[in-house]
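Novice: Mind having a look at this structure? Questions to follow.
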Amino acid sequence: MSTLSVGEAHRTGAAANGLYGLVAQFGTVEDVMRAAEKVKAAGYTRTDAYTPFPIEGLDEALGMKPTRLGWVVLAAGIGGGLAGFFMQWWANTQYYPLIIGGKPLNSWPNWIVIMYELTILSAAFTAGLTMIFRNGMPRAYHPIFNARGIEAASRDKFFICVQSSDPRFDLRRTTAFLESLGPERVVEVEA
Amino acid sequence: MAVAARRRPLVETNRVIGPGQSFGKIDDTVLTPVLLGVQQTPRWWWIGFGISLMFLGLYLVSIVVLLTNGVGIFGNNIPVAWAMPIINFVWWIGIGHAGTLISAALLLFRQPWRTTINRFAEAMTIFAVVCAGLYPILHLGRPWVFYWLLPYPNTFGLFPQFRSPLDWDLFAISTYASVSVLFWFIGLIPDLASLRDRAPTAFQRLLYGVLCLGWTGSAKEWQRYQRAYLLLAALSFPLVLSVHSIIAMDFAVAQLPGWNNTIMPPYFVAGAVFAGFAMVLILAVPLRRAFGLEHLITMRHLDNSAKLMLATGMIVVYGYLIEIFIAWYSGVEFERYMIWNRLFGDHAIFFWALILCNFVAIQPLWFRRVRQSPLALFVISLIVSVGMWLERFVIIVVSLTKDFLPSSWGDYISTFWDWALYIGSLGLFSTLFFLFIRLLPSIATAETKETVHHYGHEKLDPMEDVREQYYAEVKA
């Protein structure tokens with residue numbers, strides 16, 4: 001995880017110099033992509049970008065690892081399906097065996113539909129909720145909102161943030177570096 | 001020459017996004033009406049909302065009367081024990097299906113035209129499922145113990161009958177409802193963050209800020225978000241197919257002539273999508289007009305929805321024909337009598353009205369001129385909605401009135417409260433929908449911006465240039 005959690009950002013950023021990082025604002029997708037590659041090439045690792053819509057390849061350009069969400073969801077789906085099977089198997093063969101319509105107690109083809117629904121239910125909620133919690137949401141505070149003009153990150157501007165906790169971060173040199181990427185502006189962000 | 005004269009120019013219609021859109025402009029078009037103060041709410045909204053509230057009142061009155069008097073206020077009786085409550089249940093849940101299909105299936109098939117219509121179609125799905133889900137509960141006789149349907153440890157030591165399609169129904173619908181709400185909410189998160197950032201008042205900033213859970217739009221967040229959204233789509237698509245299949249099994253597993261049919265699941269799913277796209281058009285046509293969204297919900301969206309409506313409609317018509325064929329081919333006299341009764345019996349008028357609504361009325365959709373006329377689509381969609389209601393009436397009521405032994409035949413007469421609850425449920429739906437278009441963005445702005453980024457400057461249809469050139473030459 002390349003972003004800091006809220007508490008962590010508070011501690012490291014604020015403790016260092018009351019600065020969360022530096023934010024550079026860009027006007028187009030092409031500019032922000034080019035800048036992201038240069039930021040990575042310059043060796044910065046504690047970085048993130050803020051954009052109004054997902055930009056394909058931006059996470060890779062910033063050197064982020066792919067998400068493993070899919071594996072979690074696969075496991076949750078299999079777990080949901082198995083839970084569905086054993087719920088029905090247990091209720092019908094162990095807890096209250098009752099022969100209905102001459103069918104065997106473990107008439108498993110009948111269990112398929114509920115297994116199917118529970119597979120989807122479990123996988124879908126795991127996908128949604130894992131995404132929310134891994135993203136640190138719900139959150140009441142994030143230092144990035146201190147950046148001037150950041151509200152345009154949900155409209156039509158693209159931002160790259162280099163955090164002050166980055167080992168290569170140096171206020172003067174990093175500012176100059178970000179300025180060299182051709183941004184619309186560079187602002188300091190309080191922690 | 002003749003070709004050029006008949007054809008209208010294709011410039012606007014073949015675009016997923018109208019010309020001249022920018023990221024900021026999309027925000028302004030979609031978010032501004034949501035953020036207006038109470039005083040600035042347009043008059044048409046108050047009128048529509050007021051009328052909806054009146055019907056919602058009727059719904060609540062009907063529920064109170066139902067709870068105090070019991071299901072005896074409905075016309076249901078033996079042999080027609082499943083009547084309007086189940087017809088309306090199936091009708092509503094069918095309507096919901098198009099929303100999930102647009103948001104999930106078209107995402108998986110990479111159809112960029114889904115982006116501007118998926119949000120309100122998903123809202124439509126949820127509200128339709130709310131209306132649908134209340135029906136079986138209200139129909140229970142003792143609705144306050146509906147939780148007996150759920151598997152939970154109880155003092156009776158009993159579990160529900162897991163072998164019954166009626167219990168599968170419970171699992172399918174509760175999964176469908178909850179996953180649809182989740183999918184919708186996750187889709188809303190970036191837009192709620194946009195609303196938070198644009199909000200003119202502190203209250204709105206707080207409201208949308210809390211609702212968006214503190215979304216920042218960082219690359220890492222988007223990475224997980226997109227994966228989760230794709231997975232939810234991939235899970236919702238098979239889910240939506242299963243829901244109406246299972247509802248069809250409520251019928252198909254029974255031995256009743258007219259119900260016991262292996263074609264029921266796919267035929268119900270096609271019917272659901274058909275009814276759903278009709279409702280999408282019923283909502284889209286006034287919505288794009290009221291909010292001035294013609295450049296976002298373009299003629300292409302209407303055209304494509306109409307094509308899907310036509311295609312699924314024809315699958316449904318094929319289902320009607322196969323039902324007739326199978327009844328004859330089975331050689332079972334009860335099956336044959338059921339079809340004779342359906343086509344020429346006491347309730348034959350409902351069947352022929354259904355053919356008129358679901359087969360004849362959709363034929364004009366073969367013509368592009370009709371598919372690109374919002375008014376025509378609106379009218380056809382209303383007719384289709386009536387037709388799909390009639391279809392469920394024919395399947396449920398007409399089959400039940402005359403089954404096997406003539407001594408157990410009977411008739412069905414609906415009551416005032418049957419209709420009051422049905423019309424009231426329309427009020428519940430439209431009340432929720434009016435609140436939705438007022439308080440939440442009815443177009444997914446983040447996704448639309450992505451579409452503009454990818455397609456805003458290019459022509460989507462590779463043949464468009466060729467055709468335009470051809471018409472230009474023909475004209476010259």
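Just remember, in the structure tokens the first chain shown is A, the second B, etc., residues are 1-based per chain, and ligands are 1-based in the order shown.
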Using only C-alpha atoms, what table do you get, as CSV, when you list each residue of stretch 102-124 of chain A with an atom no more than 8 Å from stretch 221-235 of chain B, its nearest pair of atoms, and their distance in Å rounded to one decimal, rows by chain then rising number?
Specialist:
```
residue,atom,partner,partner_atom,distance
A:Ile120,CA,B:Leu235,CA,6.0
A:Ala123,CA,B:Leu235,CA,7.7
A:Ala124,CA,B:Leu232,CA,5.6
```
Novice: For the interface of chain A with chain B (cut-off 7 Å, counting only C-alpha atoms), please tabulate each contacting residue of chain A alongside its nearest pair of atoms and their separation in Å to one decimal, rows sorted by chain and increasing number, as JSON lines.
Specialist:
```
{"residue": "A:Asp48", "atom": "CA", "partner": "B:Ala219", "partner_atom": "CA", "distance": 6.1}
{"residue": "A:Ala49", "atom": "CA", "partner": "B:Ala219", "partner_atom": "CA", "distance": 5.1}
{"residue": "A:Tyr50", "atom": "CA", "partner": "B:Ser218", "partner_atom": "CA", "distance": 4.2}
{"residue": "A:Thr51", "atom": "CA", "partner": "B:Gly217", "partner_atom": "CA", "distance": 5.6}
{"residue": "A:Pro52", "atom": "CA", "partner": "B:Ala446", "partner_atom": "CA", "distance": 6.3}
{"residue": "A:Phe53", "atom": "CA", "partner": "B:Ala446", "partner_atom": "CA", "distance": 5.1}
{"residue": "A:Pro54", "atom": "CA", "partner": "B:Trp222", "partner_atom": "CA", "distance": 5.6}
{"residue": "A:Leu58", "atom": "CA", "partner": "B:Ala219", "partner_atom": "CA", "distance": 6.8}
{"residue": "A:Asp59", "atom": "CA", "partner": "B:Ala219", "partner_atom": "CA", "distance": 5.6}
{"residue": "A:Thr67", "atom": "CA", "partner": "B:Arg224", "partner_atom": "CA", "distance": 6.2}
{"residue": "A:Gln88", "atom": "CA", "partner": "B:Phe162", "partner_atom": "CA", "distance": 6.8}
{"residue": "A:Ala91", "atom": "CA", "partner": "B:Phe159", "partner_atom": "CA", "distance": 6.7}
{"residue": "A:Asn110", "atom": "CA", "partner": "B:Arg163", "partner_atom": "CA", "distance": 5.3}
{"residue": "A:Trp111", "atom": "CA", "partner": "B:Phe162", "partner_atom": "CA", "distance": 6.9}
{"residue": "A:Val113", "atom": "CA", "partner": "B:Trp168", "partner_atom": "CA", "distance": 6.5}
{"residue": "A:Ile114", "atom": "CA", "partner": "B:Trp168", "partner_atom": "CA", "distance": 6.0}
{"residue": "A:Glu117", "atom": "CA", "partner": "B:Ala172", "partner_atom": "CA", "distance": 6.0}
{"residue": "A:Ile120", "atom": "CA", "partner": "B:Leu235", "partner_atom": "CA", "distance": 6.0}
{"residue": "A:Leu121", "atom": "CA", "partner": "B:Thr175", "partner_atom": "CA", "distance": 5.7}
{"residue": "A:Ala124", "atom": "CA", "partner": "B:Leu232", "partner_atom": "CA", "distance": 5.6}
{"residue": "A:Ala127", "atom": "CA", "partner": "B:Ala228", "partner_atom": "CA", "distance": 5.2}
{"residue": "A:Gly128", "atom": "CA", "partner": "B:Ala228", "partner_atom": "CA", "distance": 6.0}
{"residue": "A:Met131", "atom": "CA", "partner": "B:Arg224", "partner_atom": "CA", "distance": 5.8}
{"residue": "A:Asn135", "atom": "CA", "partner": "B:Glu221", "partner_atom": "CA", "distance": 5.7}
{"residue": "A:Met137", "atom": "CA", "partner": "B:Leu213", "partner_atom": "CA", "distance": 5.6}
{"residue": "A:Pro138", "atom": "CA", "partner": "B:Leu213", "partner_atom": "CA", "distance": 4.2}
{"residue": "A:Arg139", "atom": "CA", "partner": "B:Gly214", "partner_atom": "CA", "distance": 5.1}
{"residue": "A:Ala140", "atom": "CA", "partner": "B:Gly214", "partner_atom": "CA", "distance": 6.2}
{"residue": "A:Glu151", "atom": "CA", "partner": "B:Asp197", "partner_atom": "CA", "distance": 5.2}
{"residue": "A:Ser154", "atom": "CA", "partner": "B:Ser194", "partner_atom": "CA", "distance": 5.0}
{"residue": "A:Arg155", "atom": "CA", "partner": "B:Gly24", "partner_atom": "CA", "distance": 5.9}
{"residue": "A:Asp156", "atom": "CA", "partner": "B:Phe23", "partner_atom": "CA", "distance": 5.4}
```
Novice: Just to be explicit: take each residue in the selection above, keep C-alpha atoms, and write the result as a PDB file, in the first residue's frame.
Specialist:
```pdb
ATOM      1  CA  ASP A  48      -0.131   9.314  -5.300  1.00  0.00           C
ATOM      2  CA  ALA A  49      -2.262  10.938  -7.957  1.00  0.00           C
ATOM      3  CA  TYR A  50      -5.728  12.431  -7.564  1.00  0.00           C
ATOM      4  CA  THR A  51      -7.976  12.366 -10.609  1.00  0.00           C
ATOM      5  CA  PRO A  52     -11.668  12.854 -11.412  1.00  0.00           C
ATOM      6  CA  PHE A  53     -11.903   9.500 -13.152  1.00  0.00           C
ATOM      7  CA  PRO A  54      -9.736   6.390 -13.312  1.00  0.00           C
ATOM      8  CA  LEU A  58      -1.556   5.796 -13.939  1.00  0.00           C
ATOM      9  CA  ASP A  59      -1.156   3.384 -11.024  1.00  0.00           C
ATOM     10  CA  THR A  67      -4.479  -4.976  -6.332  1.00  0.00           C
ATOM     11  CA  GLN A  88     -28.702 -27.044   3.659  1.00  0.00           C
ATOM     12  CA  ALA A  91     -30.433 -28.786   8.212  1.00  0.00           C
ATOM     13  CA  ASN A 110     -31.787 -28.991  -4.899  1.00  0.00           C
ATOM     14  CA  TRP A 111     -29.121 -27.155  -2.955  1.00  0.00           C
ATOM     15  CA  VAL A 113     -29.695 -22.605  -6.406  1.00  0.00           C
ATOM     16  CA  ILE A 114     -29.193 -21.357  -2.862  1.00  0.00           C
ATOM     17  CA  GLU A 117     -27.057 -17.111  -4.655  1.00  0.00           C
ATOM     18  CA  ILE A 120     -22.680 -14.251  -5.355  1.00  0.00           C
ATOM     19  CA  LEU A 121     -23.883 -12.555  -2.170  1.00  0.00           C
ATOM     20  CA  ALA A 124     -20.152  -9.220  -4.070  1.00  0.00           C
ATOM     21  CA  ALA A 127     -15.625  -7.044  -3.246  1.00  0.00           C
ATOM     22  CA  GLY A 128     -17.467  -3.877  -2.264  1.00  0.00           C
ATOM     23  CA  MET A 131     -12.509  -2.046  -1.556  1.00  0.00           C
ATOM     24  CA  ASN A 135      -9.088   2.361   0.745  1.00  0.00           C
ATOM     25  CA  MET A 137     -12.889   4.595   4.011  1.00  0.00           C
ATOM     26  CA  PRO A 138     -15.011   5.765   5.690  1.00  0.00           C
ATOM     27  CA  ARG A 139     -12.588   8.494   6.711  1.00  0.00           C
ATOM     28  CA  ALA A 140     -13.297  11.792   8.361  1.00  0.00           C
ATOM     29  CA  GLU A 151     -11.599  20.142  -5.101  1.00  0.00           C
ATOM     30  CA  SER A 154     -13.275  15.593  -8.653  1.00  0.00           C
ATOM     31  CA  ARG A 155     -13.971  17.876 -11.614  1.00  0.00           C
ATOM     32  CA  ASP A 156     -11.443  18.400 -14.389  1.00  0.00           C
TER      33      ASP A 156
END
```
Novice: DSSP on the backbone, alpha helix (DSSP H) only: what residues of stretch 90-130 of chain A does that give? Format it as a PyMOL selection string.
Specialist: chain A and resi 112-130
Novice: Excluding stretch 134-148 of chain B and residues on its chain fewer than 4 positions from it, collect all residues at most 8 Å away from it, counting only C-alpha atoms, and give them as a PyMOL selection string.
Specialist: chain B and resi 63+66+70-71+85-86+88-89+130+160
Novice: Could the residues in this selection be saved with C-alpha atoms as a short mmCIF file (atom, residue, chain, number, x, y, z; two decimals), in the first residue's frame?
Specialist:
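Result file follows (again.cif):
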```cif
data_model
loop_
_atom_site.label_atom_id
_atom_site.label_comp_id
_atom_site.auth_asym_id
_atom_site.auth_seq_id
_atom_site.Cartn_x
_atom_site.Cartn_y
_atom_site.Cartn_z
CA ILE B 63 -51.39 -1.57 3.35
CA LEU B 66 -54.62 -5.09 4.27
CA GLY B 70 -56.16 -9.67 5.98
CA VAL B 71 -55.69 -10.90 2.41
CA PRO B 85 -50.07 -9.67 -5.84
CA ILE B 86 -47.97 -12.21 -7.74
CA ASN B 88 -47.48 -7.31 -9.81
CA PHE B 89 -44.52 -8.88 -8.05
CA VAL B 130 -38.50 -2.48 -3.44
CA PRO B 160 -37.34 -23.49 5.60
#
```
Novice: What lies within 10 Å of stretch 320-326 of chain B using only C-alpha atoms, ignoring chain neighbours under 2 positions off, as a ChimeraX atom specification?
Specialist: /B:258-259,261-264,267,314-318,328-332,335-336,338-340,342-343,355,391
Novice: For B:Arg368, which residue among B:Arg43, B:Ala121, B:Tyr59, B:Met299 is the nearest when counting only C-alpha atoms?
Specialist: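 With only C-alpha atoms as the atom set, the closest residue is B:Met299.
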Novice: Just to confirm, what's the straight-line distance from atom CA of B:Phe404 to atom CA of B:Met249 in Å (one decimal)?
Specialist: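 Here the two named atoms are 20.4 Å from each other.
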Novice: Extract, using only C-alpha atoms, all DNA, RNA and protein residues at most 10 Å from stretch 15-30 of chain A, discarding same-chain residues fewer than 2 positions from it, and format them as a ChimeraX atom specification.
Specialist: /A:9-13,32-36,46-51,55-56,58,142-144,146-150,152-153,156-166,169-171,174-175,178-179,181-191 /B:453
Novice: For B:Trp91, list every protein, DNA or RNA residue within 12 Å, evaluated using only C-alpha atoms, and leave out those in the same chain fewer than 2 positions away; present the list as JSON, numbers by chain.
Specialist: {"B": [84, 85, 86, 87, 88, 89, 93, 94, 95, 96, 97, 128, 129, 131, 132, 133, 135, 244, 247, 268, 269, 271, 272, 273, 274, 275, 276, 279, 384, 385, 386, 387, 388, 389, 390, 391, 392, 393, 396, 422, 425, 426]}
Novice: Measure the distance from atom CA of B:Phe291 to atom CA of B:Leu382 in Å and round it to one decimal.
Specialist: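 Between atom CA of B:Phe291 and atom CA of B:Leu382 the gap is 21.3 Å.
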Novice: Between A:Leu82, A:Leu105, A:Leu62, A:Ile100, which is the closest to A:Thr119 once you count only C-alpha atoms?
Specialist: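 When distances to A:Thr119 are compared using only C-alpha atoms, the smallest one comes from A:Leu82.
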Novice: Please identify which residues in stretch 33-74 of chain A DSSP calls strand (DSSP E or B) from the backbone, and express them as a ChimeraX atom specification.
Specialist: /A:47-50
